[in-house]
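Okay, so here's the structure we're looking at.
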Amino acid sequence: MNYSIKQNSSKLFYQGACGSVALGDERESSQLQLISRTIKQWCVSIAVALSLAGVVQAQENATSEIEEVLVKGIRGSLLQSLNVKRDSHGIVDAITSEDIGKFPDTNLAESMQRLTGVSIDRQNGEGSRVTVRGIGPDYNLVLLNGRQMPVSQNGASASSSRSFDFANLASESVRSVEVYKTSRAAIPTGGLGATVNIKTAKPLDSPDLLLNIGGKLVNDESFNNRGSSYTPELSVIYSQKFADDTIGVGVNVIMQQRDFGAARAGVNNGWRSFQRGGDSGWGTLPQSGTGLDNITNPPQAGDVYSVPQNVRYGIEDQERERMNGQLILQYKPLDNLTATLDYTVSEFSINTQLNELGAWFNYGPNVTGNGGASRFSEGSIASALVFSEDHASGGHIADIAMAGAINASKNENTSLGLNVDWQMNDRLGFALDYHTSSAESRPDGIYGNTGSMASTVFDRAITVVNYTNDIPVLTLGLNPNANNLLQSSRANTSGSVFHNGTTINEIDQLKLSGNFELSGNYSLDFGLTQTTMNNRSAYGNVQRNTWNGVGAPADYPDGLWTLDSMRNYITEFSGINHPNMFHHFLRWDFAAIANHIGATANLNSTISGDNNVSAQYPCGGQRLCAPNQFSTDRRTEEESLSYFLQFNAEWEVNGMPLNFVAGFRNETTDVTSRALVPTATQIQWVSANELPVTFEGNNFTRLTGSYDYLLPSMDIRLGLTDELILRASYSQTIG
């Protein structure tokens with residue numbers, strides 16, 4: 001559904017080769033449009049008839065009218081993109097919207113992959129960041145209306161990228177995306193692969209009145225146990241001009257929601273470091289006896305081999321919401337003066353619940369024992385095709401590992417900007433631009449960015465994993481005391497980890513630029529930019545290392561877990577239906593289990609088994625949750641001053657237009673870095689070569705640095721024909 005109103009005047013006119021006819025008011029548009037089409041059809045018929053009869057003659061005193069043809073829609077969008085590429089200096093690609101609210105794809109990154117040399121990274125099935133000519137996302141600069149925007153990410157460290165994440169911005173309000181594959185003095189530095197400029201609509205550049213309301217219903221057929229397979233996407237775009245086109249107001253509001261699921265299988269913890277045939281020790285194969293007899297094609301002395309550490313299957317239920325809003329106010333008191341004030345806000349949140357089933361290899365004395373035959377690949381470099389362990393014969397029943405996790409995060413971006421464009425006279429113009437912008441990533445719930453708990457059922461007697469199928473096929477022999485069934489009544493919890501992290505990036509930027517026309521064919525571009533960037537990353541962890549179990553299975557109500565099957569979710573790979581596949585697992589009620597542990601484990605006291613023995617949960621001792629204090633806090637401040645000068649010239653060489661652009665950009669940056677680190681209080685002499693350091697409390701350290709670069713650039717464009725252009729570019733940039 002997409003409905004638009006566009007108004008350019010209070011009257012409708014038809015103007016063409018047959019003359020100009022006033023058709024009346026807009027409220028009569030339905031009838032008048034029919035009259036207009038009829039008149040056009042008559043004109044075409046008359047013109048064709050006269051041409052065939054050979055009676056069309058030129059009249060000396062007749063007034064000739066040339067009708068302007070306006071190409072719109074998809075063809076018009078392609079022509080606009082082509083014109084940007086043709087008329088720009090250097091190598092530039094562009095994508096423009098078909099109309100307001102009609103960008104080629106819902107996600108900007110998905111549209112950019114249409115361009116030559118551009119590929120994208122996907123997160124959760126959507127395009128997120130771009131790679132240009134093999135240079136990764138961290139070294140491609142993304143601008144919003146020519147402004148460097150802040151970047152934040154969820155995790156335990158500050159973002160290593162200065163590129164605005166496309167996932168934070170819906171595409172409905174975007175008019176065009178320009179990709180500069182070569183740098184120029186007038187373009188901000190930071191894009192080694194490319195500089196991408198996202199341009200949004202402005203009311204004074206739109207029709208007098210524009211109202212666009214869009215709605216979509218998205219059907220995601222992936223499994224999801226918490227959300228809906230049908231989710232909405234809504235957009236409202238409004239702009240209008242007032243007071244003889246001197247005042248413009250624009251408002252954009254976009255909301256998108258999506259619920260979906262994902263499943264995975266693999267060796268998440270990797271493979272044991274390479275061993276050599278004949279080696280002994282933990283993680284190696286048996287050298288003699290029953291264990292060696294049960295191996296098919298065992299590695300020989302000197303052969304290099306590796307064995308798996310674990311196998312794991314997981315399913316995720318994900319809920320994602322994206323909201324964008326923008327307010328644009330424009331004032332044009334004079335034909336040569338335009339002021340634009342804009343405020344942009346975006347919010348992107350994603351909530352994931354994870355359930356896992358897995359088995360961990362212990363490399364005990366009965367590795368590759370009587371429980372099953374292991375098999376290795378051929379050759380002097382080998383890996384396990386089938387790997388087995390017999391736990392029961394060694395007197396140790398292992399655990400069936402199951403885990404539950406909640407990952408909940410929210411990204412918020414805001415930007416307030418003011419731009420003043422003043423064409424002082426026919427030869428000199430100035431532009432002043434200021435914006436203050438921030439990006440913050442933080443947890444979206446009491447469990448932090450990531451909260452995870454492990455569950456165990458100590459009934460695993462035999463473990464066999466076959467790696468010759470589409471996915472690893474896990475076969476388990478269970479404890480006979482459990483009747484060879486996975487039962488929630490035999491489950492309890494073990495260790496848990498909760499992480500609380502936040503990253504904040506703030507940018508204040510002031511730019512003054514100008515253009516001075518030296519003559520009809522020569523001009524100078526110049527500019528000065530002052531940028532202050534503050535970056536902070538802080539996090540804290542609380543961990544319970546009670547991996548052997550918390551209490552007894554009888555301490556947990558059976559209703560906290562629900563028996564389920566991986567075959568309900570991993571459906572695309574044939575291995576999941578293997579007759580030997582152990583596919584059952586216990587689905588978690590995460591919040592109920594966290595509350596149950598908190599109500600019975602006296603969490604207000606010192607937590608036994610934690611990495612930090614003095615750590616406490618801040619939720620009143622009644623439930624597990626993320627810490628509310630940061631143990632790590634890192635902050636940097638950058639103050640940058642840049643200026644550029646660019647010379648532009650146009651000539652003709654043998655009737656061919658030649659454009660020449662050359663300039664330089666200077667970047668000077670001062671960096672101050674602070675970090676919260678443990679304070680060393682003493683060194684103890686324990687023995688001859690043992691001198692441990694004792695730490696008490698934390699303190700901030702401070703370091704400084706600076707750099708300065710002069711970056712030249714040059715572009716040449718020669719129009720060989722109307723359809724063929726020769727380009728050459730040289731530039732230096734930094735990332």
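As shown in the structure tokens, the chain order sets the letters A, B, ...; within each chain, residues go from 1, and ligands are also counted from 1 in the order they appear.
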**Request:** Using only C-alpha atoms, determine which residues lie at most 6 Å from Ile350 (chain A), disregarding the query and same-chain residues fewer than 4 positions distant; provide the list as a list in words.
**Result:**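 After dropping sequence-adjacent residues, the list is Glu319, Arg320, Ala408 and Ser409 of chain A.
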Selection to disk with N, CA and C atoms, as an mmCIF file, in the first residue's frame:
```cif
data_model
loop_
_atom_site.group_PDB
_atom_site.id
_atom_site.type_symbol
_atom_site.label_atom_id
_atom_site.label_comp_id
_atom_site.auth_asym_id
_atom_site.auth_seq_id
_atom_site.Cartn_x
_atom_site.Cartn_y
_atom_site.Cartn_z
ATOM 1 N N GLU A 319 13.629 -11.066 17.937
ATOM 2 C CA GLU A 319 12.660 -10.001 17.722
ATOM 3 C C GLU A 319 13.426 -8.705 17.491
ATOM 4 N N ARG A 320 13.114 -8.035 16.396
ATOM 5 C CA ARG A 320 13.859 -6.838 16.023
ATOM 6 C C ARG A 320 12.887 -5.696 15.735
ATOM 7 N N ALA A 408 19.995 -9.059 24.645
ATOM 8 C CA ALA A 408 19.077 -7.945 24.412
ATOM 9 C C ALA A 408 19.872 -6.649 24.381
ATOM 10 N N SER A 409 19.798 -5.938 23.277
ATOM 11 C CA SER A 409 20.569 -4.707 23.132
ATOM 12 C C SER A 409 19.749 -3.665 22.388
#
```
**Message:** Residues within 12 Å of region 724-730 of chain A, please, as number ranges by chain. Count only C-alpha atoms; anything in the same chain fewer than 6 positions from it doesn't count.
**Reply:** A: 85-92, 180-185, 656-664, 711-718
**Request:** Just list the residues in region 489-711 of chain A DSSP gives strand (DSSP E or B) on the backbone, as JSON, numbers by chain.
**Result:** {"A": [492, 493, 494, 495, 496, 497, 498, 499, 500, 501, 502, 503, 504, 505, 506, 507, 508, 509, 510, 511, 512, 513, 514, 515, 516, 517, 522, 523, 524, 525, 526, 527, 528, 529, 530, 531, 532, 533, 534, 535, 536, 537, 538, 539, 540, 541, 542, 543, 544, 561, 562, 563, 564, 565, 584, 585, 586, 587, 588, 610, 632, 633, 634, 635, 636, 637, 638, 639, 640, 641, 642, 643, 644, 645, 646, 647, 648, 649, 650, 651, 652, 653, 656, 657, 658, 659, 660, 661, 662, 663, 664, 665, 666, 667, 668, 669, 670, 671, 672, 673, 674, 675, 676, 677, 678, 679, 680, 681, 682, 683, 687, 690, 693, 694, 695, 696, 697, 698, 699, 700, 701, 702, 703, 704, 705, 706, 707, 708, 709, 710, 711]}
**Separation of CA of Thr463 (chain A) from CA of Pro480 (chain A), in Å and rounded to one decimal** =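 Value for the CA of Thr463 (chain A)-CA of Pro480 (chain A) distance: 14.5 Å.
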**Message:** Which residues are close to Leu144 (chain A), i.e. within 6 Å by only C-alpha atoms, leaving aside same-chain residues fewer than 2 positions away? Reply as an MDAnalysis selection string.
**Reply:** chainID A and resid 146:147 197:198
**Asked** By how many Å are CA of Thr475 (chain A) and CA of Ala384 (chain A) apart?
**Response** 15.3 Å
**Request:** Go ahead and compute the interatomic distance for CA of Cys625 (chain A) and CA of Ile446 (chain A), in Å to one decimal.
**Result:**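 Pair CA of Cys625 (chain A) / CA of Ile446 (chain A) returns 5.6 Å.
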**Message:** Would you pick out the contacts of Gln684 (chain A) at 8 Å or less, using only C-alpha atoms, so that residues sharing its chain but fewer than 2 positions from it are not included, and give the list as number ranges by chain?
**Reply:** A: 682, 686, 691-694
Give me a file of those residues, with all heavy atoms, as a JSON list (two decimals), in the first residue's frame.
```json
[["chain", "number", "residue", "atom", "x", "y", "z"],
["A", 682, "GLN", "N", 51.67, -3.68, 45.83],
["A", 682, "GLN", "CA", 52.91, -4.27, 46.30],
["A", 682, "GLN", "C", 53.30, -5.46, 45.45],
["A", 682, "GLN", "O", 52.48, -6.01, 44.71],
["A", 682, "GLN", "CB", 52.79, -4.71, 47.76],
["A", 682, "GLN", "CG", 51.77, -5.80, 47.99],
["A", 682, "GLN", "CD", 51.70, -6.25, 49.43],
["A", 682, "GLN", "OE1", 52.67, -6.12, 50.18],
["A", 682, "GLN", "NE2", 50.57, -6.81, 49.83],
["A", 686, "VAL", "N", 57.65, -14.52, 46.64],
["A", 686, "VAL", "CA", 57.18, -15.81, 47.12],
["A", 686, "VAL", "C", 58.31, -16.83, 47.09],
["A", 686, "VAL", "O", 58.50, -17.61, 48.03],
["A", 686, "VAL", "CB", 55.99, -16.30, 46.27],
["A", 686, "VAL", "CG1", 55.54, -17.69, 46.73],
["A", 686, "VAL", "CG2", 54.84, -15.30, 46.40],
["A", 691, "LEU", "N", 57.26, -13.54, 41.70],
["A", 691, "LEU", "CA", 57.08, -12.20, 42.25],
["A", 691, "LEU", "C", 55.69, -11.69, 41.87],
["A", 691, "LEU", "O", 55.53, -10.82, 41.00],
["A", 691, "LEU", "CB", 58.15, -11.24, 41.70],
["A", 691, "LEU", "CG", 59.61, -11.62, 42.00],
["A", 691, "LEU", "CD1", 60.56, -10.75, 41.21],
["A", 691, "LEU", "CD2", 59.88, -11.49, 43.51],
["A", 692, "PRO", "N", 54.64, -12.22, 42.48],
["A", 692, "PRO", "CA", 53.28, -11.79, 42.12],
["A", 692, "PRO", "C", 53.01, -10.36, 42.57],
["A", 692, "PRO", "O", 53.53, -9.90, 43.59],
["A", 692, "PRO", "CB", 52.39, -12.79, 42.85],
["A", 692, "PRO", "CG", 53.22, -13.24, 44.02],
["A", 692, "PRO", "CD", 54.64, -13.26, 43.53],
["A", 693, "VAL", "N", 52.15, -9.68, 41.79],
["A", 693, "VAL", "CA", 51.77, -8.30, 42.08],
["A", 693, "VAL", "C", 50.41, -8.30, 42.75],
["A", 693, "VAL", "O", 49.48, -9.00, 42.32],
["A", 693, "VAL", "CB", 51.73, -7.46, 40.79],
["A", 693, "VAL", "CG1", 51.34, -6.02, 41.10],
["A", 693, "VAL", "CG2", 53.09, -7.51, 40.09],
["A", 694, "THR", "N", 50.27, -7.52, 43.79],
["A", 694, "THR", "CA", 49.00, -7.37, 44.50],
["A", 694, "THR", "C", 48.31, -6.09, 44.04],
["A", 694, "THR", "O", 48.93, -5.03, 43.96],
["A", 694, "THR", "CB", 49.23, -7.31, 46.01],
["A", 694, "THR", "OG1", 49.90, -8.51, 46.43],
["A", 694, "THR", "CG2", 47.90, -7.18, 46.75]]
```
**Asked** Residues at most 7 Å from region 550-567 of chain A, counting only C-alpha atoms, excluding those fewer than 6 positions away in the same chain, as JSON, numbers by chain?
**Response** {"A": [488, 489, 490, 491, 492, 493, 494, 576, 583, 584, 585, 586, 587, 588, 589, 592, 593]}
Dump as a compact mmCIF listing (two decimals), in the first residue's frame, selection limited to C-alpha atoms:
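again-v3.txt written:
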```txt
# COMPACT_ATOMS: atom_id res chain seq x y z
CA SER A 488 13.57 -32.79 32.84
CA SER A 489 13.24 -34.40 36.28
CA ARG A 490 16.97 -35.23 36.14
CA ALA A 491 18.10 -31.71 35.12
CA ASN A 492 19.68 -28.98 37.17
CA THR A 493 21.64 -25.78 36.45
CA SER A 494 25.36 -25.16 36.65
CA ILE A 576 19.36 -33.98 11.30
CA HIS A 583 17.94 -34.63 18.68
CA HIS A 584 16.06 -34.09 21.94
CA PHE A 585 16.83 -31.17 24.23
CA LEU A 586 15.24 -29.21 27.08
CA ARG A 587 13.83 -25.80 26.18
CA TRP A 588 14.36 -23.11 28.83
CA ASP A 589 12.12 -20.74 30.73
CA ALA A 592 11.80 -18.47 35.77
CA ILE A 593 15.07 -20.40 36.24
```
Go through region 268-329 of chain A and flag each residue having an atom no more than 12 Å from region 390-407 of chain A; for those, report the closest pair of atoms plus their distance in Å to one decimal, using only C-alpha atoms, ordered by chain and rising number, as a Markdown table.
```
| residue | atom | partner | partner_atom | distance |
| --- | --- | --- | --- | --- |
| A:Thr290 | CA | A:Asp390 | CA | 11.5 |
| A:Gly291 | CA | A:Asp390 | CA | 9.7 |
| A:Asn294 | CA | A:Asp390 | CA | 11.3 |
| A:Asn310 | CA | A:Ala401 | CA | 10.3 |
| A:Val311 | CA | A:Ala401 | CA | 10.0 |
| A:Arg312 | CA | A:Ala401 | CA | 8.9 |
| A:Tyr313 | CA | A:Met402 | CA | 9.4 |
| A:Gly314 | CA | A:Ala403 | CA | 9.0 |
| A:Ile315 | CA | A:Gly404 | CA | 10.0 |
| A:Glu316 | CA | A:Ala405 | CA | 9.3 |
| A:Asp317 | CA | A:Ile406 | CA | 9.7 |
| A:Gln318 | CA | A:Asn407 | CA | 9.3 |
| A:Glu319 | CA | A:Asn407 | CA | 10.6 |
| A:Arg320 | CA | A:Asn407 | CA | 11.7 |
```
Selection from above, N, CA and C atoms, as an mmCIF file, in the first residue's frame, can you write it?
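Full text of out-v1.cif as output:
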```cif
data_model
loop_
_atom_site.group_PDB
_atom_site.id
_atom_site.type_symbol
_atom_site.label_atom_id
_atom_site.label_comp_id
_atom_site.auth_asym_id
_atom_site.auth_seq_id
_atom_site.Cartn_x
_atom_site.Cartn_y
_atom_site.Cartn_z
ATOM 1 N N THR A 290 42.641 -51.595 23.673
ATOM 2 C CA THR A 290 41.308 -51.587 23.075
ATOM 3 C C THR A 290 41.013 -50.274 22.375
ATOM 4 N N GLY A 291 41.459 -49.165 22.974
ATOM 5 C CA GLY A 291 41.184 -47.869 22.372
ATOM 6 C C GLY A 291 41.752 -47.752 20.978
ATOM 7 N N ASN A 294 39.905 -49.793 18.298
ATOM 8 C CA ASN A 294 38.608 -49.290 17.864
ATOM 9 C C ASN A 294 38.730 -48.115 16.898
ATOM 10 N N ASN A 310 34.245 -30.308 20.837
ATOM 11 C CA ASN A 310 32.835 -30.442 21.216
ATOM 12 C C ASN A 310 31.967 -30.490 19.977
ATOM 13 N N VAL A 311 30.674 -30.627 20.170
ATOM 14 C CA VAL A 311 29.680 -30.454 19.124
ATOM 15 C C VAL A 311 28.510 -29.726 19.766
ATOM 16 N N ARG A 312 27.872 -28.808 18.996
ATOM 17 C CA ARG A 312 26.817 -27.998 19.584
ATOM 18 C C ARG A 312 25.767 -27.656 18.535
ATOM 19 N N TYR A 313 24.509 -27.678 18.979
ATOM 20 C CA TYR A 313 23.372 -27.284 18.145
ATOM 21 C C TYR A 313 22.636 -26.165 18.874
ATOM 22 N N GLY A 314 22.161 -25.192 18.119
ATOM 23 C CA GLY A 314 21.484 -24.067 18.751
ATOM 24 C C GLY A 314 20.350 -23.533 17.908
ATOM 25 N N ILE A 315 19.337 -23.006 18.572
ATOM 26 C CA ILE A 315 18.232 -22.331 17.897
ATOM 27 C C ILE A 315 18.047 -20.964 18.554
ATOM 28 N N GLU A 316 17.675 -19.978 17.749
ATOM 29 C CA GLU A 316 17.492 -18.615 18.228
ATOM 30 C C GLU A 316 16.118 -18.101 17.816
ATOM 31 N N ASP A 317 15.428 -17.486 18.752
ATOM 32 C CA ASP A 317 14.217 -16.719 18.465
ATOM 33 C C ASP A 317 14.587 -15.245 18.581
ATOM 34 N N GLN A 318 14.375 -14.493 17.514
ATOM 35 C CA GLN A 318 14.808 -13.108 17.498
ATOM 36 C C GLN A 318 13.632 -12.173 17.208
ATOM 37 N N GLU A 319 13.629 -11.066 17.937
ATOM 38 C CA GLU A 319 12.660 -10.001 17.722
ATOM 39 C C GLU A 319 13.426 -8.705 17.491
ATOM 40 N N ARG A 320 13.114 -8.035 16.396
ATOM 41 C CA ARG A 320 13.859 -6.838 16.023
ATOM 42 C C ARG A 320 12.887 -5.696 15.735
#
```
**Request:** Using only C-alpha atoms, determine which residues lie at most 12 Å from Pro299 (chain A), disregarding the query and same-chain residues fewer than 6 positions distant; provide the list as a ChimeraX atom specification.
**Result:** /A:274-279,284-287,292,305-307,374-384
**Item:** For Gln509 (chain A): contacts at 6 Å, only C-alpha atoms, fewer than 2 positions along chain excluded, given as a list of chain:residue names
**Value:** A:Tyr434, A:His435, A:Gln530, A:Thr531
Can you write just those residues out, all heavy atoms, as a PDB file, in the first residue's frame?
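Contents of again-v4.pdb, as written:
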```
ATOM      1  N   TYR A 434      27.046  22.780  11.076  1.00  0.00           N
ATOM      2  CA  TYR A 434      27.391  22.324  12.426  1.00  0.00           C
ATOM      3  C   TYR A 434      26.426  21.210  12.819  1.00  0.00           C
ATOM      4  O   TYR A 434      25.226  21.278  12.542  1.00  0.00           O
ATOM      5  CB  TYR A 434      27.290  23.459  13.444  1.00  0.00           C
ATOM      6  CG  TYR A 434      27.407  22.967  14.873  1.00  0.00           C
ATOM      7  CD1 TYR A 434      28.642  22.629  15.409  1.00  0.00           C
ATOM      8  CD2 TYR A 434      26.266  22.815  15.673  1.00  0.00           C
ATOM      9  CE1 TYR A 434      28.758  22.152  16.707  1.00  0.00           C
ATOM     10  CE2 TYR A 434      26.370  22.337  16.970  1.00  0.00           C
ATOM     11  CZ  TYR A 434      27.619  22.009  17.480  1.00  0.00           C
ATOM     12  OH  TYR A 434      27.729  21.530  18.761  1.00  0.00           O
ATOM     13  N   HIS A 435      26.957  20.192  13.461  1.00  0.00           N
ATOM     14  CA  HIS A 435      26.082  19.162  14.011  1.00  0.00           C
ATOM     15  C   HIS A 435      26.690  18.581  15.275  1.00  0.00           C
ATOM     16  O   HIS A 435      27.924  18.497  15.429  1.00  0.00           O
ATOM     17  CB  HIS A 435      25.817  18.044  12.994  1.00  0.00           C
ATOM     18  CG  HIS A 435      26.937  17.087  12.796  1.00  0.00           C
ATOM     19  ND1 HIS A 435      26.957  15.823  13.332  1.00  0.00           N
ATOM     20  CD2 HIS A 435      28.092  17.215  12.100  1.00  0.00           C
ATOM     21  CE1 HIS A 435      28.080  15.206  12.978  1.00  0.00           C
ATOM     22  NE2 HIS A 435      28.775  16.015  12.229  1.00  0.00           N
ATOM     23  N   GLN A 530      36.465  21.558  12.069  1.00  0.00           N
ATOM     24  CA  GLN A 530      36.890  21.268  13.437  1.00  0.00           C
ATOM     25  C   GLN A 530      36.000  20.157  13.977  1.00  0.00           C
ATOM     26  O   GLN A 530      34.770  20.276  13.984  1.00  0.00           O
ATOM     27  CB  GLN A 530      36.762  22.510  14.317  1.00  0.00           C
ATOM     28  CG  GLN A 530      36.992  22.264  15.803  1.00  0.00           C
ATOM     29  CD  GLN A 530      38.437  21.951  16.127  1.00  0.00           C
ATOM     30  OE1 GLN A 530      39.345  22.625  15.636  1.00  0.00           O
ATOM     31  NE2 GLN A 530      38.680  20.930  16.936  1.00  0.00           N
ATOM     32  N   THR A 531      36.623  19.045  14.410  1.00  0.00           N
ATOM     33  CA  THR A 531      35.864  17.879  14.874  1.00  0.00           C
ATOM     34  C   THR A 531      36.364  17.444  16.242  1.00  0.00           C
ATOM     35  O   THR A 531      37.579  17.320  16.450  1.00  0.00           O
ATOM     36  CB  THR A 531      35.994  16.701  13.891  1.00  0.00           C
ATOM     37  OG1 THR A 531      35.593  17.115  12.587  1.00  0.00           O
ATOM     38  CG2 THR A 531      35.131  15.530  14.337  1.00  0.00           C
TER      39      THR A 531
END
```
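Comparing the minimum interatomic distances between Asn413 (chain A) and each of A:Leu169, A:Ile213, A:Leu341, A:Ala599, counting only C-alpha atoms, we find that A:Leu169 sits nearest.
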